[in-house]
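First the structure, in the form of structure tokens, and then the observations on it.
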Amino acid sequence: MKDWRYILAEQRGTLLALALFLLMFTIYVTNHPAGFTPNVVTTAANKGVILALVAMAQCFVVLTAGIDLSVGMVFILANCLGSYIIAGSAIEITLGLIGVMAAGAACGALNGLIVIYGRLQPIVTTIATGAIFFGIALWLRPYPGSEPDFAADLADALTGKLFDTVPASLVFLAGVIVVVWIPFRRSLIGRTVYAVGSSDQAAYMSGLPVRLGRFSAFVLSGFLASLGGIFLTFITYSGEASLANGDNYTLFSIASVVLGGVSLYGGRGSAVGAIFGALAFRAIGDLLFVFDLDPLWQPLFQGIVLGLAVTLGAARLFQVRNRLELFN
Amino acid sequence: MGETPLFRMEGISKRYGGVHALENASLTVHAGAVHAILGENGAGKSTLIKIMSGVVAPNEGRMFLEGEEVSFADPAAANRAGIVCIFQELSLIPDLSVADNIIVSNPPTRFGLIDHRAQRRMAEEALARAGGEDIHPMAMVRDLPLSRQQIVEIAKALARKPRLLILDEATSALTASDVTRVFEVIKRLRDEGLALLYISHRMHEIAELADECTVFRNGHNVESYQQGAKTDNEVVEMMIGREYSHVFPAKPTPPPADKPPVLELKNLSWTDRLRDISFGVRPGEVVGLGGLDGQGQRELLLAMFGVLRSVEGEIVVDGRKRTIGSPREAKSKDIGMALIPEDRKTEGLMLPMSVRDNLSFAALDRLTRFGVVDRSTESADIERMMKLLAVRSDGTAIPVAALSGGNQQKVVIAKWLMISPRIILLNDPTRGIDVGTKQELYQLLRRLADDGAAIILYSTDYDELIGCCDRVLVMYDGAIHAELVGDEITEHALVGSALNIDSAQSDTAFASRAQ
């Protein structure tokens with residue numbers, strides 16, 4: 001009967017993120033000196049897609065009511081590894097891509113195993129493993145660089161435009177949603193991830209594969225962070241073990257997830273929301289450039305927008321009738 | 001019922017630590033019948049069904065399904081065998097839709113992905129069987145009222161095609177019209193040949209539904225009988241039958257009735273969990289809260305202590321109407337209220353911190369001068385408390401986690417005595433502590449009352465209510481159902497009124513048979 005109402009309620013966070021993104025992006029494009037041209041959009045899209053992939057990675061873990069502080073480091077590790085092995089002949093490049101994705105998934109698997117069998121909190125686990133991942137990245141690339149036979153053609157194709165209009169990176173991102181997110185959302189594993197984040201006791205009592213769900217969330221997180229790393233390699237043509245970059249992407253991914261309407265308490269939200277959150281977050285950051293403001297203002301401005309968005313999300317606390325529940 | 005029973009368990013024992021939750025219990029369940037389980041708080045009913053449904057494993061004993069021996073590693077294994085339990089605490093996942101919850105663990109798939117359309121059909125079918133046609137399958141469970149959630153829970157169980165369905169207090173959250181519908185569902189399922197195990201404290205429900213009943217007491221099945229073969233009184237007697245194991249201090253003559261109450265509640269209500277509660281407590285009085293577990297006793301204590309929001313009605317302290325907005329206000333000097341919480345480990349103590357720090361928390365504002373803790377006053381007060389309660393601890397610098405349960409509880413109580421409270425609320429303070437410490441606490445409560453404190457004691461242990469209290473208010477369904485004063489406080493009266501049986505009638509019957 002009124003199915004659309006329920007769909008609307010469920011997708012509220014995602015739609016709000018979309019609205020925020022459209023608002024910010026409209027302001028950005030209308031004030032950009034070059035206007036709404038394929039080049040402007042492609043540049044913005046490339047930057048946005050990297051963060052969107054890392055935010056998607058964060059989203060999987062946040063849905064289980066955890067937090068992954070190693071996504072930025074997996075991302076950097078994938079970038080450094082990719083700068084070595086995504087090179088050479090077509091077959092070598094393919095194997096290289098598979099290798100980087102497998103490495104990312106393995107990083108996630110390590111996190112998952114420690115969290116599940118070591119019974120450590122995700123936040124502590126991923127601080128530790130994140131440092132290790134960064135150490136490996138630094139060992140791979142003590143100085144920024146790349147291989148002479150780097151897959152520049154593939155890089156240009158994926159960061160360029162399709163038919164001279166549509167940014168290829170956005171098409172790639174849409175592909176990731178179709179190939180990864182939608183099957184995940186419609187599988188028992190995906191349902192388990194939401195259930196674990198919502199109430200792990202009820203999930204267990206309902207006979208869901210709780211451990212497998214949590215493990216899959218971490219593996220998918222590592223996998224998506226590695227996709228982000230591959231994209232970074234494609235844009236920069238090189239690998240760089242930058243601590244600042246890794247930390248920034250970790251924190252920005254959390255901000256994007258929150259902007260995208262994914263609940264840090266777990267069980268609510270979607271990766272599509274996280275993607276819009278990431279794109280919105282990027283647009284907010286870029287706004288200052290088109291207004292010719294000092295880039296020093298960027299963190300302050302991003303912080304204010306994030307603060308406002310989160311405040312709106314916390315409004316439900318006013319409905320709590322038992323104050324003890326405020327602490328849960 | 002000569003054929004092989006559907007389910008049989010024998011010699012089942014389960015221990016938690018040193019406590020026997022079940023000891024050598026047995027049960028036989030037949031298909032096409034409703035089997036009711038009766039018993040007091042802590043009689044072992046919930047452990048029994050947890051074992052049957054694979055949540056916990058028994059220490060000893062065997063279970064048979066249609067004559068074959070079975071054991072369940074987890075709830076999923078029990079489900080596969082056709083045993084499905086509807087638990088008292090909901091097992092629904094709040095952030096998933098109704099349909100997702102009903103078909104949660106084995107949804108229909110197409111090309112390896114969940115087939116939402118087929119799932120929705122199955123969910124609608126199950127909802128219809130459970131009497132919940134009005135519930136939209138796409139609604140989020142968290143947005144449904146509790147009574148609707150309970151229906152979803154039943155639908156979820158039915159969707160698993162059970163052969164043995166266990167309903168644990170399945171009607172506790174339902175409105176009267178919902179109960180009628182659920183009863184129709186249960187009767188229909190029985191006629192379809194299901195075995196149903198029905199756990200309820202409501203005697204009239206059992207009278208209406210059950211074919212066979214089994215009474216549990218102290219972790220053991222006392223007797224099984226055909227419904228209707230025993231009177232309510234005989235059933236209550238079977239449920240009691242315990243010996244007194246505690247020694248209680250003598251009760252003094254109660255304070256004169258014209259002495260003004262220090263605390264008075266007038267028509268206190270909160271959501272649908274507390275309804276029109278009015279009573280007063282005078283200094284020197286120990287007032288008990290009785291009734292079955294979960295009838296609003298905990299919420300009542302929290303409401304008085306300022307934890308609940310939008311509480312309706314009046315709280316009057318010393319004849320003045322007060323609004324208590326937080327525990328901080330409740331403990332302030334002119335109210336002087338203390339609450340010994342239910343769970344000492346989460347709400348009472350900061351486990352890793354020292355005994356000393358834990359003792360000072362509630363009284364810190366009284367111990368500080370110009371914002372700095374006055375160490376010498378603090379030490380003197382702590383010394384006094386450690387002596388008063390005879391806390392056995394290796395000094396006050398060790399973490400409170402290192403103490404035994406009984407001594408931890410003493411620290412929680414001592415912490416609140418540091419503020420010299422005039423009104424002391426206790427939420428089941430002796431649960432899980434040893435007999436020796438219990439008796440020390442009984443003495444302490446009486447001494448505090450004699451010194452002029454007003455005490456409200458909620459206890460799940462009927463002996464304690466009988467031994468400690470001058471008056472007992474029995475709660476049922478969020479309201480005060482009966483008030484027992486002095487000699488009226490008997491185990492029989494407590495159990496009778498807790499079960500909502502007409503107590504006057506059962507008292508006379510009990511008295512006439514006792515002669």
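Chain labels A, B, ... are given in the sequence in which chains occur in the structure tokens; within each chain residues are numbered consecutively from 1, and ligands are likewise numbered from 1 in the order shown.
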
Run DSSP on the backbone and grab whatever in segment 80-170 of chain A lands in strand (DSSP E); send it over as a PyMOL selection string. chain A and resi 161-162+166-167

Which residues of chain A come within 10 Å of chain B, and for each one, what is the closest pair of atoms and their distance in Å to one decimal, counting only C-alpha atoms, sorted by chain and residue number, as a tab-separated table?
```
residue	atom	partner	partner_atom	distance
A:Met1	CA	B:His136	CA	9.0
A:Lys2	CA	B:His136	CA	9.1
A:Asp3	CA	B:Met138	CA	7.1
A:Trp4	CA	B:Met138	CA	9.6
A:Arg5	CA	B:Ala139	CA	9.3
A:Tyr6	CA	B:Ala139	CA	6.1
A:Ile7	CA	B:Met138	CA	7.9
A:Ala9	CA	B:Met140	CA	9.0
A:Glu10	CA	B:Met140	CA	8.1
A:Ile182	CA	B:Leu113	CA	9.4
A:Pro183	CA	B:Leu113	CA	6.6
A:Phe184	CA	B:Leu113	CA	8.6
A:Arg185	CA	B:Ile114	CA	8.9
A:Arg186	CA	B:Ile114	CA	5.1
A:Ser187	CA	B:Leu113	CA	5.3
A:Leu188	CA	B:Ser105	CA	7.2
A:Ile189	CA	B:Ser105	CA	9.8
A:Arg191	CA	B:Val104	CA	8.0
A:Thr192	CA	B:Ser105	CA	8.4
A:Tyr194	CA	B:Asp95	CA	7.4
A:Ala195	CA	B:Ile93	CA	6.0
A:Val196	CA	B:Ile93	CA	8.6
A:Gly197	CA	B:Asp95	CA	8.8
A:Ser198	CA	B:Asp95	CA	5.8
A:Ser199	CA	B:Ile93	CA	5.9
A:Asp200	CA	B:Ile93	CA	8.4
A:Gln201	CA	B:Ser91	CA	7.6
A:Ala202	CA	B:Ser91	CA	4.4
A:Ala203	CA	B:Ile93	CA	6.8
A:Tyr204	CA	B:Pro75	CA	8.0
A:Met205	CA	B:Pro75	CA	6.2
A:Ser206	CA	B:Ser91	CA	6.7
A:Gly207	CA	B:Ala76	CA	4.6
A:Leu208	CA	B:Ser105	CA	5.4
A:Pro209	CA	B:Ser105	CA	8.3
A:Gly266	CA	B:Asp95	CA	9.1
A:Gly267	CA	B:Asp95	CA	5.9
A:Arg268	CA	B:Asp95	CA	6.4
A:Gly269	CA	B:Asp95	CA	9.6
A:Phe318	CA	B:Arg309	CA	9.9
A:Gln319	CA	B:Arg309	CA	9.2
A:Val320	CA	B:Arg309	CA	7.6
A:Arg321	CA	B:Arg309	CA	4.6
A:Asn322	CA	B:Leu308	CA	4.4
A:Arg323	CA	B:Val307	CA	5.4
A:Leu324	CA	B:Val307	CA	6.8
A:Glu325	CA	B:Leu308	CA	9.7
```

Within 8 Å of segment 272-281 of chain A using only C-alpha atoms, minus same-chain residues under 3 positions, as a PyMOL selection string: chain A and resi 13-15+17-18+20-22+24-25+48-49+51-53+55-56+59+177+252-253+255-262+269+284-285+302

Can I get the selected residues back with N, CA and C atoms, as a JSON list (two decimals), in the first residue's frame?
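Dumped to again_30.json:
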```json
[["chain", "number", "residue", "atom", "x", "y", "z"],
["A", 13, "GLY", "N", 18.65, 8.71, 5.60],
["A", 13, "GLY", "CA", 20.03, 9.17, 5.75],
["A", 13, "GLY", "C", 20.71, 9.34, 4.41],
["A", 14, "THR", "N", 20.50, 8.34, 3.53],
["A", 14, "THR", "CA", 21.12, 8.39, 2.20],
["A", 14, "THR", "C", 20.61, 9.58, 1.41],
["A", 15, "LEU", "N", 19.29, 9.81, 1.49],
["A", 15, "LEU", "CA", 18.71, 10.91, 0.73],
["A", 15, "LEU", "C", 19.18, 12.26, 1.26],
["A", 17, "ALA", "N", 22.04, 12.82, 2.61],
["A", 17, "ALA", "CA", 23.41, 12.97, 2.14],
["A", 17, "ALA", "C", 23.42, 13.41, 0.69],
["A", 18, "LEU", "N", 22.52, 12.80, -0.11],
["A", 18, "LEU", "CA", 22.42, 13.18, -1.52],
["A", 18, "LEU", "C", 22.06, 14.65, -1.64],
["A", 20, "LEU", "N", 22.52, 17.05, 0.56],
["A", 20, "LEU", "CA", 23.65, 17.88, 1.00],
["A", 20, "LEU", "C", 24.69, 17.97, -0.11],
["A", 21, "PHE", "N", 24.95, 16.81, -0.74],
["A", 21, "PHE", "CA", 25.94, 16.80, -1.82],
["A", 21, "PHE", "C", 25.49, 17.69, -2.98],
["A", 22, "LEU", "N", 24.21, 17.54, -3.39],
["A", 22, "LEU", "CA", 23.72, 18.32, -4.52],
["A", 22, "LEU", "C", 23.81, 19.81, -4.22],
["A", 24, "MET", "N", 25.90, 21.36, -2.07],
["A", 24, "MET", "CA", 27.28, 21.80, -2.05],
["A", 24, "MET", "C", 27.87, 21.84, -3.47],
["A", 25, "PHE", "N", 27.52, 20.80, -4.24],
["A", 25, "PHE", "CA", 28.09, 20.71, -5.57],
["A", 25, "PHE", "C", 27.54, 21.81, -6.48],
["A", 48, "GLY", "N", 36.80, 12.93, -5.56],
["A", 48, "GLY", "CA", 35.68, 12.42, -4.77],
["A", 48, "GLY", "C", 35.65, 10.91, -4.72],
["A", 49, "VAL", "N", 35.94, 10.27, -5.85],
["A", 49, "VAL", "CA", 35.80, 8.81, -5.92],
["A", 49, "VAL", "C", 36.80, 8.12, -4.98],
["A", 51, "LEU", "N", 37.94, 9.19, -2.08],
["A", 51, "LEU", "CA", 37.40, 9.23, -0.73],
["A", 51, "LEU", "C", 36.15, 8.36, -0.63],
["A", 52, "ALA", "N", 35.34, 8.35, -1.70],
["A", 52, "ALA", "CA", 34.12, 7.55, -1.69],
["A", 52, "ALA", "C", 34.44, 6.07, -1.47],
["A", 53, "LEU", "N", 35.49, 5.58, -2.12],
["A", 53, "LEU", "CA", 35.86, 4.17, -1.97],
["A", 53, "LEU", "C", 36.32, 3.88, -0.54],
["A", 55, "ALA", "N", 35.50, 5.61, 2.09],
["A", 55, "ALA", "CA", 34.32, 5.75, 2.96],
["A", 55, "ALA", "C", 33.47, 4.48, 2.90],
["A", 56, "MET", "N", 33.35, 3.90, 1.71],
["A", 56, "MET", "CA", 32.61, 2.63, 1.58],
["A", 56, "MET", "C", 33.29, 1.56, 2.44],
["A", 59, "CYS", "N", 32.41, 2.11, 5.89],
["A", 59, "CYS", "CA", 30.98, 1.85, 6.11],
["A", 59, "CYS", "C", 30.73, 0.40, 6.54],
["A", 177, "ILE", "N", 29.29, -0.25, -6.91],
["A", 177, "ILE", "CA", 28.01, -0.38, -6.20],
["A", 177, "ILE", "C", 27.25, -1.60, -6.72],
["A", 252, "PHE", "N", 38.70, 11.30, 7.40],
["A", 252, "PHE", "CA", 37.69, 11.77, 6.45],
["A", 252, "PHE", "C", 36.66, 10.67, 6.16],
["A", 253, "SER", "N", 37.14, 9.42, 6.14],
["A", 253, "SER", "CA", 36.19, 8.33, 5.85],
["A", 253, "SER", "C", 35.14, 8.25, 6.96],
["A", 255, "ALA", "N", 34.16, 10.77, 8.84],
["A", 255, "ALA", "CA", 33.30, 11.95, 8.64],
["A", 255, "ALA", "C", 32.30, 11.70, 7.51],
["A", 256, "SER", "N", 32.78, 11.10, 6.42],
["A", 256, "SER", "CA", 31.89, 10.84, 5.27],
["A", 256, "SER", "C", 30.77, 9.90, 5.64],
["A", 257, "VAL", "N", 31.14, 8.85, 6.40],
["A", 257, "VAL", "CA", 30.16, 7.85, 6.79],
["A", 257, "VAL", "C", 29.07, 8.50, 7.65],
["A", 258, "VAL", "N", 29.51, 9.38, 8.55],
["A", 258, "VAL", "CA", 28.53, 10.05, 9.42],
["A", 258, "VAL", "C", 27.65, 10.99, 8.60],
["A", 259, "LEU", "N", 28.28, 11.76, 7.72],
["A", 259, "LEU", "CA", 27.49, 12.64, 6.84],
["A", 259, "LEU", "C", 26.53, 11.83, 5.99],
["A", 260, "GLY", "N", 26.95, 10.62, 5.63],
["A", 260, "GLY", "CA", 26.13, 9.78, 4.75],
["A", 260, "GLY", "C", 25.01, 9.07, 5.48],
["A", 261, "GLY", "N", 24.82, 9.38, 6.76],
["A", 261, "GLY", "CA", 23.68, 8.82, 7.48],
["A", 261, "GLY", "C", 23.89, 7.41, 7.99],
["A", 262, "VAL", "N", 25.14, 6.96, 8.05],
["A", 262, "VAL", "CA", 25.41, 5.64, 8.63],
["A", 262, "VAL", "C", 25.61, 5.84, 10.13],
["A", 269, "GLY", "N", 22.03, 2.54, 7.88],
["A", 269, "GLY", "CA", 22.70, 3.32, 6.84],
["A", 269, "GLY", "C", 23.09, 2.44, 5.67],
["A", 284, "ILE", "N", 32.50, 20.27, 0.02],
["A", 284, "ILE", "CA", 32.61, 21.30, 1.05],
["A", 284, "ILE", "C", 34.05, 21.84, 1.09],
["A", 285, "GLY", "N", 34.99, 20.88, 1.03],
["A", 285, "GLY", "CA", 36.39, 21.29, 1.07],
["A", 285, "GLY", "C", 36.77, 22.16, -0.13],
["A", 302, "GLN", "N", 35.07, 22.69, 7.15],
["A", 302, "GLN", "CA", 34.62, 21.30, 7.11],
["A", 302, "GLN", "C", 34.13, 20.86, 8.49]]
```

Restricting the calculation to only C-alpha atoms: of B:Pro341, B:Gly496, B:Gly486, B:Gly280, which residue gets closest to Ala454 of chain B?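 The shortest atom-to-atom distance to Ala454 of chain B comes from B:Gly280.
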
Please identify all polymer residues within 8 Å of Arg148 of chain B, counting only C-alpha atoms, omitting same-chain residues fewer than 4 positions from it, and present them as an MDAnalysis selection string. chainID B and resid 132 135 144 152 174

I want to know what sits within 9 Å of segment 61-73 of chain B, based on only C-alpha atoms, with residues of the same chain fewer than 6 positions away left out; could you give that as an MDAnalysis selection string? chainID B and resid 4:13 24:26 51:55 81

Output for the residues just chosen: C-alpha atoms as a short mmCIF file (atom, residue, chain, number, x, y, z; two decimals), in the first residue's frame:
```
data_model
loop_
_atom_site.label_atom_id
_atom_site.label_comp_id
_atom_site.auth_asym_id
_atom_site.auth_seq_id
_atom_site.Cartn_x
_atom_site.Cartn_y
_atom_site.Cartn_z
CA THR B 4 6.11 -41.94 21.90
CA PRO B 5 6.25 -38.43 23.28
CA LEU B 6 7.56 -35.80 20.88
CA PHE B 7 10.16 -34.56 23.32
CA ARG B 8 11.53 -35.95 26.55
CA MET B 9 14.34 -34.84 28.82
CA GLU B 10 15.58 -36.61 31.93
CA GLY B 11 18.17 -36.11 34.64
CA ILE B 12 18.98 -32.61 33.41
CA SER B 13 21.27 -30.57 35.68
CA ASN B 24 17.90 -33.72 37.96
CA ALA B 25 14.94 -32.22 36.15
CA SER B 26 12.80 -34.13 33.69
CA ILE B 51 18.64 -25.91 27.42
CA MET B 52 15.78 -27.14 25.24
CA SER B 53 16.41 -24.44 22.66
CA GLY B 54 20.17 -24.81 22.52
CA VAL B 55 21.18 -21.54 24.18
CA ALA B 81 15.35 -30.04 14.83
#
```

Fewer than 3 positions away in the same chain doesn't count, so skip those; otherwise give me all residues within 9 Å of Arg190 of chain B, counting only C-alpha atoms, as JSON, numbers by chain. {"B": [31, 32, 33, 34, 185, 186, 187, 193, 194, 195, 196]}

Next, the residues of the selection above should be written as a compact mmCIF listing (two decimals), in the first residue's frame with C-alpha atoms.
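As written to disk, out.txt reads:
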```
# COMPACT_ATOMS: atom_id res chain seq x y z
CA ALA B 31 2.41 -33.43 20.19
CA GLY B 32 -0.97 -31.76 19.82
CA ALA B 33 -1.06 -30.48 23.38
CA VAL B 34 -0.27 -27.33 25.35
CA VAL B 185 -3.41 -18.89 17.26
CA ILE B 186 -2.09 -21.20 19.97
CA LYS B 187 -5.25 -23.30 19.97
CA GLY B 193 -0.56 -31.16 15.88
CA LEU B 194 2.18 -28.92 17.27
CA ALA B 195 3.53 -29.41 20.76
CA LEU B 196 3.45 -26.16 22.70
```

Could you list, as a ChimeraX atom specification, every residue within 7 Å of Glu240 of chain A, counting only C-alpha atoms and ignoring same-chain residues fewer than 5 positions away? /A:80,141,143-145

May I ask which of the residues B:Val98, B:Leu165, B:Leu38, B:Ile456 is the closest one to Ile86 of chain B, counting only C-alpha atoms? B:Leu165

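Distance-wise, atom CA of Gln439 of chain B and atom CA of Ile455 of chain B end up 16.7 Å apart.
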
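In this structure, atom CA of Pro260 of chain B sits 24.3 Å away from atom CA of Ile466 of chain B.
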
Report, in Å with one decimal, the straight-line distance from atom CA of Asp168 of chain B to atom CA of Ile154 of chain B.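 Separation between atom CA of Asp168 of chain B and atom CA of Ile154 of chain B: 11.0 Å.
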